Each structure stands twice: as C-alpha cells, then as structure tokens.
file query_27.cif (mmCIF, C-alpha atoms)
data_my_file
#
loop_
_atom_site.label_atom_id
_atom_site.label_comp_id
_atom_site.auth_asym_id
_atom_site.auth_seq_id
_atom_site.Cartn_x
_atom_site.Cartn_y
_atom_site.Cartn_z
CA MET X 1 -3.34 22.80 -39.70
CA ASN X 2 -1.87 20.62 -37.03
CA LEU X 3 0.76 21.59 -34.54
CA PHE X 4 2.34 18.14 -34.79
CA ASP X 5 2.98 16.73 -38.26
CA THR X 6 3.01 13.08 -39.32
CA THR X 7 6.74 12.76 -38.62
CA GLN X 8 6.31 13.93 -35.03
CA LEU X 9 3.38 11.54 -34.49
CA GLY X 10 5.43 8.78 -36.09
CA LEU X 11 8.28 9.51 -33.68
CA GLN X 12 5.90 9.38 -30.70
CA SER X 13 4.48 6.10 -31.93
CA ALA X 14 7.97 4.66 -32.49
CA ILE X 15 9.03 5.74 -28.98
CA SER X 16 6.09 3.90 -27.45
CA GLY X 17 6.86 0.88 -29.66
CA ALA X 18 10.52 0.84 -28.57
CA GLY X 19 9.38 1.18 -24.94
CA MET X 20 7.08 -1.80 -25.33
CA ARG X 21 9.90 -3.72 -27.01
CA GLN X 22 12.18 -2.98 -24.06
CA ALA X 23 9.57 -4.36 -21.62
CA THR X 24 9.16 -7.44 -23.83
CA ILE X 25 12.92 -8.09 -23.96
CA ALA X 26 13.02 -7.64 -20.16
CA GLY X 27 10.43 -10.44 -19.99
CA ASN X 28 12.58 -12.65 -22.23
CA ILE X 29 15.68 -12.11 -20.09
CA SER X 30 13.84 -12.70 -16.80
CA ASN X 31 12.51 -15.97 -18.28
CA ALA X 32 15.91 -17.13 -19.57
CA ASN X 33 15.73 -20.10 -17.18
CA THR X 34 12.01 -20.86 -17.41
CA PRO X 35 11.37 -24.27 -19.03
CA GLY X 36 9.17 -24.10 -22.12
CA TYR X 37 9.30 -20.30 -22.46
CA GLN X 38 9.40 -18.93 -26.02
CA ARG X 39 10.89 -15.52 -26.72
CA LYS X 40 8.55 -12.62 -27.56
CA ASP X 41 9.26 -9.53 -29.63
CA VAL X 42 7.45 -6.41 -30.82
CA ASP X 43 7.77 -5.69 -34.53
CA PHE X 44 6.78 -2.03 -34.40
CA HIS X 45 8.87 -1.16 -37.49
CA THR X 46 6.67 -3.10 -39.91
CA THR X 47 3.42 -1.77 -38.41
CA LEU X 48 4.67 1.81 -38.49
CA ARG X 49 6.12 1.50 -42.00
CA ALA X 50 2.74 0.24 -43.26
CA ALA X 51 0.97 3.11 -41.47
CA LEU X 52 3.28 5.73 -42.99
CA ALA X 53 2.86 4.24 -46.48
CA SER X 54 -0.94 4.23 -46.27
CA ASP X 55 -3.28 6.75 -47.96
CA ALA X 56 -4.02 8.69 -44.76
CA PRO X 57 -0.68 8.41 -42.95
CA MET X 58 -1.55 10.81 -40.12
CA GLU X 59 -4.68 8.90 -39.06
CA ALA X 60 -2.97 5.55 -39.58
CA VAL X 61 0.01 6.56 -37.42
CA LYS X 62 -2.30 7.90 -34.69
CA THR X 63 -4.19 4.60 -34.49
CA ALA X 64 -1.19 2.29 -34.99
CA ALA X 65 -1.13 -0.28 -32.17
CA PHE X 66 1.65 -2.69 -31.36
CA SER X 67 1.56 -5.95 -29.50
CA PRO X 68 4.18 -8.53 -28.55
CA ALA X 69 4.25 -11.68 -30.67
CA THR X 70 5.68 -15.02 -29.63
CA ALA X 71 8.52 -16.27 -31.82
CA THR X 72 7.92 -19.51 -33.68
CA THR X 73 11.55 -20.55 -34.05
CA GLY X 74 11.02 -23.35 -31.54
CA PRO X 75 12.96 -24.37 -28.47
CA MET X 76 16.73 -24.02 -28.35
CA ARG X 77 17.38 -26.13 -25.30
CA ALA X 78 16.34 -29.53 -24.01
CA ASP X 79 13.97 -27.93 -21.47
CA GLY X 80 12.02 -26.22 -24.28
CA ASN X 81 13.31 -22.72 -23.55
CA GLY X 82 13.84 -20.55 -26.63
CA VAL X 83 15.80 -17.63 -25.14
CA ASP X 84 19.38 -16.96 -26.22
CA ILE X 85 20.68 -14.56 -23.60
CA ASP X 86 23.37 -13.14 -25.96
CA VAL X 87 20.81 -12.37 -28.67
CA GLU X 88 18.53 -10.74 -26.07
CA SER X 89 21.34 -8.58 -24.68
CA ALA X 90 22.35 -7.45 -28.16
CA THR X 91 18.73 -6.73 -29.14
CA MET X 92 18.19 -4.79 -25.93
CA ALA X 93 21.33 -2.68 -26.48
CA ALA X 94 20.27 -1.90 -30.05
CA ASN X 95 16.71 -1.11 -28.97
CA ALA X 96 17.91 1.21 -26.20
CA LEU X 97 20.10 3.11 -28.68
CA GLU X 98 17.22 3.36 -31.12
CA TYR X 99 14.94 4.62 -28.35
CA GLU X 100 17.43 7.29 -27.31
CA THR X 101 17.92 8.34 -30.92
CA LEU X 102 14.14 8.66 -31.40
CA VAL X 103 13.84 10.70 -28.20
CA SER X 104 16.69 13.00 -29.29
CA VAL X 105 15.10 13.61 -32.69
CA ALA X 106 11.67 14.22 -31.11
CA ARG X 107 13.31 16.61 -28.66
CA GLY X 108 15.04 18.48 -31.48
CA ARG X 109 11.78 18.89 -33.32
CA THR X 110 9.89 20.16 -30.27
CA ASP X 111 12.76 22.60 -29.67
CA VAL X 112 12.15 24.03 -33.14
CA LEU X 113 8.45 24.46 -32.27
CA ARG X 114 9.37 26.11 -28.98
CA SER X 115 11.63 28.67 -30.60
CA ALA X 116 8.94 29.39 -33.21
CA MET X 117 6.55 30.09 -30.33
CA GLY X 118 9.21 32.19 -28.61
CA VAL X 119 9.23 30.15 -25.39
CA ALA X 120 12.78 28.84 -25.65
CA MET Q 1 3.01 -1.48 -21.27
CA SER Q 2 5.61 1.07 -20.33
CA LEU Q 3 9.21 1.31 -19.32
CA PHE Q 4 8.17 0.87 -15.70
CA ASP Q 5 6.89 -2.57 -16.67
CA ALA Q 6 10.38 -3.40 -17.94
CA ILE Q 7 11.72 -2.48 -14.51
CA ASP Q 8 9.02 -4.57 -12.76
CA THR Q 9 9.81 -7.51 -15.02
CA ALA Q 10 13.54 -7.23 -14.35
CA ALA Q 11 12.75 -7.08 -10.62
CA SER Q 12 10.76 -10.31 -10.85
CA GLY Q 13 13.79 -11.85 -12.59
CA LEU Q 14 16.09 -10.61 -9.83
CA SER Q 15 13.99 -12.15 -7.07
CA ALA Q 16 13.65 -15.45 -8.98
CA GLU Q 17 17.41 -15.71 -9.57
CA ARG Q 18 18.07 -14.81 -5.95
CA MET Q 19 15.71 -17.59 -4.85
CA ARG Q 20 17.65 -20.04 -7.04
CA MET Q 21 20.85 -18.89 -5.39
CA ASP Q 22 19.34 -19.27 -1.89
CA VAL Q 23 18.16 -22.79 -2.65
CA THR Q 24 21.57 -23.73 -4.10
CA ALA Q 25 23.19 -22.44 -0.91
CA GLU Q 26 20.78 -24.55 1.16
CA ASN Q 27 21.55 -27.64 -0.95
CA LEU Q 28 25.30 -27.16 -0.58
CA ALA Q 29 25.02 -26.50 3.15
CA ASN Q 30 23.05 -29.74 3.56
CA ALA Q 31 25.16 -31.87 1.21
CA GLN Q 32 26.17 -34.13 4.14
CA THR Q 33 22.99 -33.90 6.25
CA THR Q 34 21.76 -37.42 7.06
CA ARG Q 35 18.98 -36.26 9.39
CA GLY Q 36 16.53 -33.76 7.94
CA ALA Q 37 13.43 -32.33 9.61
CA ASP Q 38 11.61 -35.66 9.05
CA GLY Q 39 14.54 -37.75 10.31
CA GLN Q 40 15.36 -38.85 6.73
CA PRO Q 41 18.45 -37.74 4.75
CA TYR Q 42 18.16 -34.24 3.26
CA ARG Q 43 16.73 -34.19 -0.25
CA ARG Q 44 18.00 -31.76 -2.86
CA LYS Q 45 15.58 -28.90 -3.58
CA VAL Q 46 14.97 -27.46 -7.05
CA VAL Q 47 13.34 -24.13 -7.91
CA VAL Q 48 10.62 -24.41 -10.55
CA LEU Q 49 10.30 -21.16 -12.50
CA GLN Q 50 7.14 -20.10 -14.30
CA GLU Q 51 6.27 -17.25 -16.65
CA ALA Q 52 4.09 -14.73 -14.81
CA VAL Q 53 2.58 -11.28 -15.01
CA PRO Q 54 3.87 -8.77 -12.44
CA SER Q 55 1.02 -8.42 -9.96
CA ASN Q 56 0.86 -4.68 -9.50
CA PHE Q 57 -2.35 -2.74 -9.94
CA GLY Q 58 -1.31 -0.80 -13.04
CA SER Q 59 -0.20 -3.73 -15.16
CA THR Q 60 -3.16 -5.89 -14.10
CA LEU Q 61 -5.60 -3.16 -15.14
CA ARG Q 62 -3.82 -2.54 -18.44
CA GLY Q 63 -3.72 -6.28 -19.13
CA ALA Q 64 -7.45 -6.53 -18.49
CA MET Q 65 -8.21 -3.55 -20.74
CA LYS Q 66 -5.87 -4.22 -23.66
CA GLY Q 67 -5.37 -7.96 -23.41
CA THR Q 68 -1.58 -7.59 -23.57
CA ASN Q 69 0.82 -7.49 -20.71
CA THR Q 70 4.44 -7.93 -19.85
CA THR Q 71 5.65 -11.29 -18.73
CA GLY Q 72 7.80 -11.55 -15.68
CA VAL Q 73 8.89 -14.70 -13.95
CA ARG Q 74 7.88 -16.23 -10.65
CA VAL Q 75 8.87 -19.17 -8.51
CA ALA Q 76 6.06 -21.71 -9.05
CA GLU Q 77 7.30 -24.08 -6.36
CA ILE Q 78 10.35 -25.38 -4.60
CA ALA Q 79 10.24 -29.07 -5.48
CA GLN Q 80 12.27 -31.99 -4.26
CA ASP Q 81 14.72 -33.72 -6.55
CA ALA Q 82 13.50 -37.30 -7.07
CA THR Q 83 16.97 -38.81 -7.70
CA PRO Q 84 17.72 -41.63 -5.22
CA ASN Q 85 20.05 -40.97 -2.32
CA ARG Q 86 23.71 -41.89 -2.60
CA LEU Q 87 24.72 -44.95 -0.57
CA VAL Q 88 28.11 -44.58 1.09
CA TYR Q 89 29.82 -47.45 2.90
CA ASP Q 90 30.65 -46.14 6.38
CA PRO Q 91 29.88 -48.77 9.06
CA GLY Q 92 30.96 -46.45 11.88
CA HIS Q 93 28.33 -43.81 11.02
CA PRO Q 94 25.47 -43.60 13.56
CA ASP Q 95 22.93 -43.59 10.67
CA ALA Q 96 24.42 -46.62 8.89
CA ASP Q 97 22.00 -49.44 8.00
CA PRO Q 98 22.74 -53.03 9.20
CA ARG Q 99 24.92 -53.63 6.09
CA GLY Q 100 27.05 -50.58 6.96
CA TYR Q 101 25.72 -48.25 4.23
CA VAL Q 102 24.76 -44.67 4.99
CA SER Q 103 22.10 -42.99 2.87
CA MET Q 104 23.58 -39.60 1.91
CA PRO Q 105 21.66 -36.65 0.38
CA ASN Q 106 21.25 -36.65 -3.42
CA VAL Q 107 23.19 -33.37 -3.68
CA GLN Q 108 25.93 -33.22 -6.32
CA PRO Q 109 28.28 -30.33 -5.50
CA VAL Q 110 29.28 -29.93 -9.17
CA THR Q 111 25.63 -29.54 -10.27
CA GLU Q 112 25.10 -27.00 -7.50
CA MET Q 113 28.13 -24.98 -8.61
CA VAL Q 114 26.82 -24.91 -12.19
CA ASP Q 115 23.39 -23.78 -10.91
CA LEU Q 116 25.09 -21.11 -8.84
CA ILE Q 117 26.95 -19.71 -11.87
CA SER Q 118 23.75 -19.83 -13.95
CA ALA Q 119 21.77 -17.98 -11.25
CA SER Q 120 24.52 -15.40 -10.85
CA ARG Q 121 24.68 -14.72 -14.62
CA GLY Q 122 20.88 -14.53 -14.79
CA TYR Q 123 20.90 -12.02 -11.96
CA GLU Q 124 23.50 -9.88 -13.75
CA ALA Q 125 21.47 -9.96 -16.98
CA ASN Q 126 18.40 -8.68 -15.12
CA VAL Q 127 20.43 -5.93 -13.46
CA THR Q 128 21.60 -4.83 -16.93
CA VAL Q 129 17.99 -4.70 -18.14
CA MET Q 130 17.08 -2.55 -15.17
CA GLN Q 131 19.98 -0.16 -15.77
CA THR Q 132 19.21 0.17 -19.48
CA SER Q 133 15.49 0.82 -18.82
CA LYS Q 134 16.37 3.42 -16.20
CA GLN Q 135 18.71 5.15 -18.65
CA MET Q 136 15.99 5.16 -21.33
CA PHE Q 137 13.51 6.59 -18.88
CA SER Q 138 15.78 9.47 -17.84
CA LYS Q 139 16.37 10.18 -21.54
CA THR Q 140 12.58 10.54 -21.97
CA LEU Q 141 12.44 13.02 -19.12
CA GLU Q 142 14.81 15.25 -21.10
CA ILE Q 143 11.97 16.03 -23.53
CA LEU Q 144 10.24 17.93 -20.76
CA ARG Q 145 13.24 20.09 -19.92
#
call {"tool": "encode", "arguments": {"input": "query_27.cif", "output": "structure tokens"}}
result
Amino acid sequence: MNLFDTTQLGLQSAISGAGMRQATIAGNISNANTPGYQRKDVDFHTTLRAALASDAPMEAVKTAAFSPATATTGPMRADGNGVDIDVESATMAANALEYETLVSVARGRTDVLRSAMGVA
Amino acid sequence: MSLFDAIDTAASGLSAERMRMDVTAENLANAQTTRGADGQPYRRKVVVLQEAVPSNFGSTLRGAMKGTNTTGVRVAEIAQDATPNRLVYDPGHPDADPRGYVSMPNVQPVTEMVDLISASRGYEANVTVMQTSKQMFSKTLEILR
C-alpha cells in the first residue's frame, strides 16, 4: 500500500515536466534574436501518456524522464533563427496555466490525505 | 532544470537585450563622429548574440550530471560593421579630403531605430517570462501551506 497513488505521482511528474518546459521556452525567448538558433520544446505529455498506459504504470511514471528536443521545422528568418515570439508567448501562457492547474489538483489531493490523517 | 533556471535564462536575455540597446545608443550618439579613438571615422558596432548556458554552479553541475541544460543567451562579441563609410561632400569640414569629401560613419539612423525597437520588445518578452516563472513558483509554494 502506497501513500501516493499513480495519479499523484503522475501529477508530480507532470509538474516537473511543465517546469522544464517553462525553462525551455524561456531559453527560446531569450534567443529570439540569436542567428541560427532553433526552438526547443519538451514533449512531456507523450512520455507521460506512454508511462501511464504501460503495464506497470506506477514504476513507469516514477522513472519517466523528460528532455528538451530541438524542433526540426527549420529556420523562419534569413538569419537562420527559428523562434516565433508570438508562438512562444502563447505556448508559455498555456504552459503556465497548465502548471498552475496541475499544482492546484496536486494540492487538492494532498489536502484530502491531510484531513484523512487529521492534520488539517 | 527547474523554474529557477527559467529565471536565470530570462535574466541572460535581459542583459543581452540591454547590451543591444546600449550599443544602439552608442551608434546613434556617434552618427556624426568623424574622429574616433584611432583618428578614423567612427564605425558602427553590432552585438553578436550566441546561445549559452547560464554559468551558475547549480546548472553547470546538473548539466554535467544529466547532459541536459537550459540555454540562455550571451553576447559573443561586439563586432564592427564592415559597410563602407558614407562620403559626404562638405569642403569646409576640417576632416575633408583634398576633393572636398568627408568620410562619415556608416551609421544609418533608421536601422538603429529598428534595432532599438527590436531590443526593447525582446527585453519586454524576457520580463514577461520572468514574471510568469515567478508566478508559477509562488503557486508551487502553496502546496506547502
């Protein structure tokens, strides 16, 4: 019997993925004027979905690791830069909302645990 | 990689954009300078940006251990624009050549204004990243309350 179930571990993993994605988007925006820079992104959704669908979801979610991947869409501008600042801003806003949603859900679930333990 | 890395990265972007703005200001201020430090007309300076890893201890260690790291930006060099100087006919100018032409700096005010707007927008974008990351981080702290 585990204190934290697969959903809670999945939430933790998703929070760290969204945090990594935020740092990656920050890198894209800071390099919006760097010649030859290609945008990077973290696809934590696919990794996590595969982990949750596997035979031993709890172990798979615990060991799920994310890493930033460089986009292969090619340069957008004459100087070889592939960052569209509008796309990055929109992605960052969406990612921040997702992160806050994940944190709220994780918080709600730990609150349930706390009241079960009689601490809250 | 953590949210603090996002803040470090945005900070590297802020300092790079500020450097671009400083150099643009220098170019505009010297748009009519016919005698630079070497006695030659002023030459336009350009900031060369390069992708870089923030050089703090934490991210360097993590990068070495996991092989992944955030990418910030850094000023690789401040280069000189190779465009030839503008020749202006002004025989009365003390720096005029025997034919009456003065070699003026290769600074185009319109280009500088465009660079200034671009640097300013880039700066704002990095500030937004910093604010969003800060907001996300304080949201995380709520779990502990």
call {"tool": "closest_atom_pairs", "arguments": {"input": "query_27.cif", "of": "chain X", "to": "chain Q", "cutoff": "7 Å", "atoms": "all atoms listed in the file", "output": "Markdown table"}}
result
| residue | atom | partner | partner_atom | distance |
| --- | --- | --- | --- | --- |
| X:Gly19 | CA | Q:Leu3 | CA | 5.6 |
| X:Met20 | CA | Q:Met1 | CA | 5.8 |
| X:Gln22 | CA | Q:Ala6 | CA | 6.4 |
| X:Ala23 | CA | Q:Ala6 | CA | 3.9 |
| X:Thr24 | CA | Q:Thr70 | CA | 6.2 |
| X:Ala26 | CA | Q:Ala6 | CA | 5.5 |
| X:Gly27 | CA | Q:Thr71 | CA | 5.0 |
| X:Ile29 | CA | Q:Asn126 | CA | 6.6 |
| X:Ser30 | CA | Q:Gly13 | CA | 4.3 |
| X:Asn31 | CA | Q:Val73 | CA | 5.8 |
| X:Thr34 | CA | Q:Leu49 | CA | 5.2 |
| X:Ser67 | CA | Q:Thr68 | CA | 6.9 |
| X:Ala96 | CA | Q:Met136 | CA | 6.6 |
| X:Glu100 | CA | Q:Met136 | CA | 6.5 |
| X:Val103 | CA | Q:Thr140 | CA | 6.4 |
| X:Arg107 | CA | Q:Ile143 | CA | 5.3 |
call {"tool": "resolve_selection", "arguments": {"input": "query_27.cif", "expression": "the PyMOL selection byres ((chain X and resi 2-11) around 10)", "output": "number ranges by chain"}}
result
X: 1, 12-17, 48-49, 51-52, 56-62, 64, 99, 102-103, 105-107, 109-110, 113
call {"tool": "write_last_selection", "arguments": {"input": "query_27.cif", "atoms": "C-alpha atoms", "output": "short mmCIF file (atom, residue, chain, number, x, y, z; two decimals), keeping the file's coordinate frame"}}
result
data_model
loop_
_atom_site.label_atom_id
_atom_site.label_comp_id
_atom_site.auth_asym_id
_atom_site.auth_seq_id
_atom_site.Cartn_x
_atom_site.Cartn_y
_atom_site.Cartn_z
CA MET X 1 -3.34 22.80 -39.70
CA GLN X 12 5.90 9.38 -30.70
CA SER X 13 4.48 6.10 -31.93
CA ALA X 14 7.97 4.66 -32.49
CA ILE X 15 9.03 5.74 -28.98
CA SER X 16 6.09 3.90 -27.45
CA GLY X 17 6.86 0.88 -29.66
CA LEU X 48 4.67 1.81 -38.49
CA ARG X 49 6.12 1.50 -42.00
CA ALA X 51 0.97 3.11 -41.47
CA LEU X 52 3.28 5.73 -42.99
CA ALA X 56 -4.02 8.69 -44.76
CA PRO X 57 -0.68 8.41 -42.95
CA MET X 58 -1.55 10.81 -40.12
CA GLU X 59 -4.68 8.90 -39.06
CA ALA X 60 -2.97 5.55 -39.58
CA VAL X 61 0.01 6.56 -37.42
CA LYS X 62 -2.30 7.90 -34.69
CA ALA X 64 -1.19 2.29 -34.99
CA TYR X 99 14.94 4.62 -28.35
CA LEU X 102 14.14 8.66 -31.40
CA VAL X 103 13.84 10.70 -28.20
CA VAL X 105 15.10 13.61 -32.69
CA ALA X 106 11.67 14.22 -31.11
CA ARG X 107 13.31 16.61 -28.66
CA ARG X 109 11.78 18.89 -33.32
CA THR X 110 9.89 20.16 -30.27
CA LEU X 113 8.45 24.46 -32.27
#
call {"tool": "resolve_selection", "arguments": {"input": "query_27.cif", "expression": "the PyMOL selection byres ((chain Q and resi 84) around 10)", "output": "NGL selection string"}}
result
:Q and (43 or 81-83 or 85-87 or 103-106)
call {"tool": "closest_residue", "arguments": {"input": "query_27.cif", "among": "Q:Asp38, Q:Asp22, Q:Glu124, Q:Asp97", "to": "Q:Ile78", "atoms": "only C-alpha atoms"}}
result
Q:Asp22
call {"tool": "atom_distance", "arguments": {"input": "query_27.cif", "atom1": "atom CA of X:Asp79", "atom2": "atom CA of Q:Glu112"}}
result
17.9 Å
call {"tool": "closest_residue", "arguments": {"input": "query_27.cif", "among": "Q:Leu116, Q:Gln80, Q:Val127, Q:Val107", "to": "Q:Thr33", "atoms": "only C-alpha atoms"}}
result
Q:Val107
call {"tool": "decode", "arguments": {"input": "query_27.cif", "residues": "stretch 123-135 of chain Q", "atoms": "all heavy atoms", "output": "mmCIF file, in the first residue's frame"}}
result
data_model
loop_
_atom_site.group_PDB
_atom_site.id
_atom_site.type_symbol
_atom_site.label_atom_id
_atom_site.label_comp_id
_atom_site.auth_asym_id
_atom_site.auth_seq_id
_atom_site.Cartn_x
_atom_site.Cartn_y
_atom_site.Cartn_z
ATOM 1 N N TYR Q 123 13.400 42.743 -24.709
ATOM 2 C CA TYR Q 123 13.533 42.959 -23.270
ATOM 3 C C TYR Q 123 12.194 42.694 -22.578
ATOM 4 O O TYR Q 123 12.117 41.965 -21.595
ATOM 5 C CB TYR Q 123 13.991 44.397 -23.022
ATOM 6 C CG TYR Q 123 14.497 44.663 -21.625
ATOM 7 C CD1 TYR Q 123 15.819 44.456 -21.293
ATOM 8 C CD2 TYR Q 123 13.637 45.120 -20.634
ATOM 9 C CE1 TYR Q 123 16.293 44.698 -20.021
ATOM 10 C CE2 TYR Q 123 14.092 45.361 -19.353
ATOM 11 C CZ TYR Q 123 15.424 45.151 -19.056
ATOM 12 O OH TYR Q 123 15.879 45.381 -17.791
ATOM 13 N N GLU Q 124 11.128 43.265 -23.164
ATOM 14 C CA GLU Q 124 9.784 43.085 -22.586
ATOM 15 C C GLU Q 124 9.397 41.606 -22.545
ATOM 16 O O GLU Q 124 8.823 41.140 -21.552
ATOM 17 C CB GLU Q 124 8.749 43.862 -23.399
ATOM 18 C CG GLU Q 124 8.786 45.350 -23.122
ATOM 19 C CD GLU Q 124 7.951 46.148 -24.104
ATOM 20 O OE1 GLU Q 124 7.025 45.571 -24.717
ATOM 21 O OE2 GLU Q 124 8.232 47.349 -24.260
ATOM 22 N N ALA Q 125 9.715 40.879 -23.624
ATOM 23 C CA ALA Q 125 9.368 39.451 -23.682
ATOM 24 C C ALA Q 125 10.064 38.698 -22.546
ATOM 25 O O ALA Q 125 9.461 37.849 -21.887
ATOM 26 C CB ALA Q 125 9.765 38.866 -25.029
ATOM 27 N N ASN Q 126 11.336 39.043 -22.291
ATOM 28 C CA ASN Q 126 12.075 38.369 -21.222
ATOM 29 C C ASN Q 126 11.531 38.730 -19.843
ATOM 30 O O ASN Q 126 11.531 37.899 -18.929
ATOM 31 C CB ASN Q 126 13.562 38.691 -21.326
ATOM 32 C CG ASN Q 126 14.257 37.868 -22.388
ATOM 33 O OD1 ASN Q 126 14.377 36.669 -22.262
ATOM 34 N ND2 ASN Q 126 14.656 38.511 -23.463
ATOM 35 N N VAL Q 127 11.068 39.980 -19.695
ATOM 36 C CA VAL Q 127 10.458 40.377 -18.421
ATOM 37 C C VAL Q 127 9.193 39.556 -18.176
ATOM 38 O O VAL Q 127 8.943 39.088 -17.057
ATOM 39 C CB VAL Q 127 10.144 41.898 -18.406
ATOM 40 C CG1 VAL Q 127 9.286 42.257 -17.217
ATOM 41 C CG2 VAL Q 127 11.424 42.708 -18.392
ATOM 42 N N THR Q 128 8.400 39.352 -19.259
ATOM 43 C CA THR Q 128 7.176 38.560 -19.133
ATOM 44 C C THR Q 128 7.499 37.138 -18.694
ATOM 45 O O THR Q 128 6.810 36.571 -17.839
ATOM 46 C CB THR Q 128 6.423 38.542 -20.474
ATOM 47 O OG1 THR Q 128 6.373 39.872 -20.967
ATOM 48 C CG2 THR Q 128 5.028 38.000 -20.322
ATOM 49 N N VAL Q 129 8.543 36.554 -19.287
ATOM 50 C CA VAL Q 129 8.952 35.197 -18.906
ATOM 51 C C VAL Q 129 9.281 35.158 -17.420
ATOM 52 O O VAL Q 129 8.858 34.255 -16.687
ATOM 53 C CB VAL Q 129 10.184 34.739 -19.723
ATOM 54 C CG1 VAL Q 129 10.714 33.422 -19.191
ATOM 55 C CG2 VAL Q 129 9.830 34.599 -21.182
ATOM 56 N N MET Q 130 10.005 36.170 -16.975
ATOM 57 C CA MET Q 130 10.421 36.204 -15.574
ATOM 58 C C MET Q 130 9.208 36.296 -14.651
ATOM 59 O O MET Q 130 9.117 35.587 -13.651
ATOM 60 C CB MET Q 130 11.345 37.392 -15.363
ATOM 61 C CG MET Q 130 12.352 37.173 -14.280
ATOM 62 S SD MET Q 130 13.445 38.564 -14.188
ATOM 63 C CE MET Q 130 14.938 37.852 -14.786
ATOM 64 N N GLN Q 131 8.255 37.167 -15.036
ATOM 65 C CA GLN Q 131 7.046 37.314 -14.206
ATOM 66 C C GLN Q 131 6.250 36.017 -14.152
ATOM 67 O O GLN Q 131 5.803 35.597 -13.085
ATOM 68 C CB GLN Q 131 6.170 38.432 -14.767
ATOM 69 C CG GLN Q 131 6.631 39.804 -14.305
ATOM 70 C CD GLN Q 131 5.931 40.922 -15.043
ATOM 71 O OE1 GLN Q 131 5.283 40.683 -16.059
ATOM 72 N NE2 GLN Q 131 6.067 42.131 -14.536
ATOM 73 N N THR Q 132 6.076 35.382 -15.327
ATOM 74 C CA THR Q 132 5.299 34.135 -15.365
ATOM 75 C C THR Q 132 5.972 33.060 -14.513
ATOM 76 O O THR Q 132 5.301 32.366 -13.745
ATOM 77 C CB THR Q 132 5.167 33.636 -16.814
ATOM 78 O OG1 THR Q 132 4.792 34.731 -17.626
ATOM 79 C CG2 THR Q 132 4.134 32.555 -16.929
ATOM 80 N N SER Q 133 7.313 32.925 -14.629
ATOM 81 C CA SER Q 133 8.022 31.901 -13.860
ATOM 82 C C SER Q 133 7.898 32.162 -12.365
ATOM 83 O O SER Q 133 7.727 31.232 -11.568
ATOM 84 C CB SER Q 133 9.498 31.877 -14.242
ATOM 85 O OG SER Q 133 9.635 31.811 -15.623
ATOM 86 N N LYS Q 134 7.956 33.425 -12.004
ATOM 87 C CA LYS Q 134 7.842 33.809 -10.589
ATOM 88 C C LYS Q 134 6.475 33.420 -10.039
ATOM 89 O O LYS Q 134 6.351 32.854 -8.956
ATOM 90 C CB LYS Q 134 8.028 35.325 -10.487
ATOM 91 C CG LYS Q 134 8.795 35.774 -9.284
ATOM 92 C CD LYS Q 134 9.135 37.235 -9.399
ATOM 93 C CE LYS Q 134 7.900 38.104 -9.371
ATOM 94 N NZ LYS Q 134 8.195 39.535 -9.536
ATOM 95 N N GLN Q 135 5.437 33.705 -10.885
ATOM 96 C CA GLN Q 135 4.061 33.382 -10.506
ATOM 97 C C GLN Q 135 3.897 31.873 -10.339
ATOM 98 O O GLN Q 135 3.275 31.413 -9.378
ATOM 99 C CB GLN Q 135 3.155 33.890 -11.629
ATOM 100 C CG GLN Q 135 1.688 33.963 -11.317
ATOM 101 C CD GLN Q 135 0.917 34.318 -12.579
ATOM 102 O OE1 GLN Q 135 1.440 35.000 -13.473
ATOM 103 N NE2 GLN Q 135 -0.300 33.852 -12.665
#
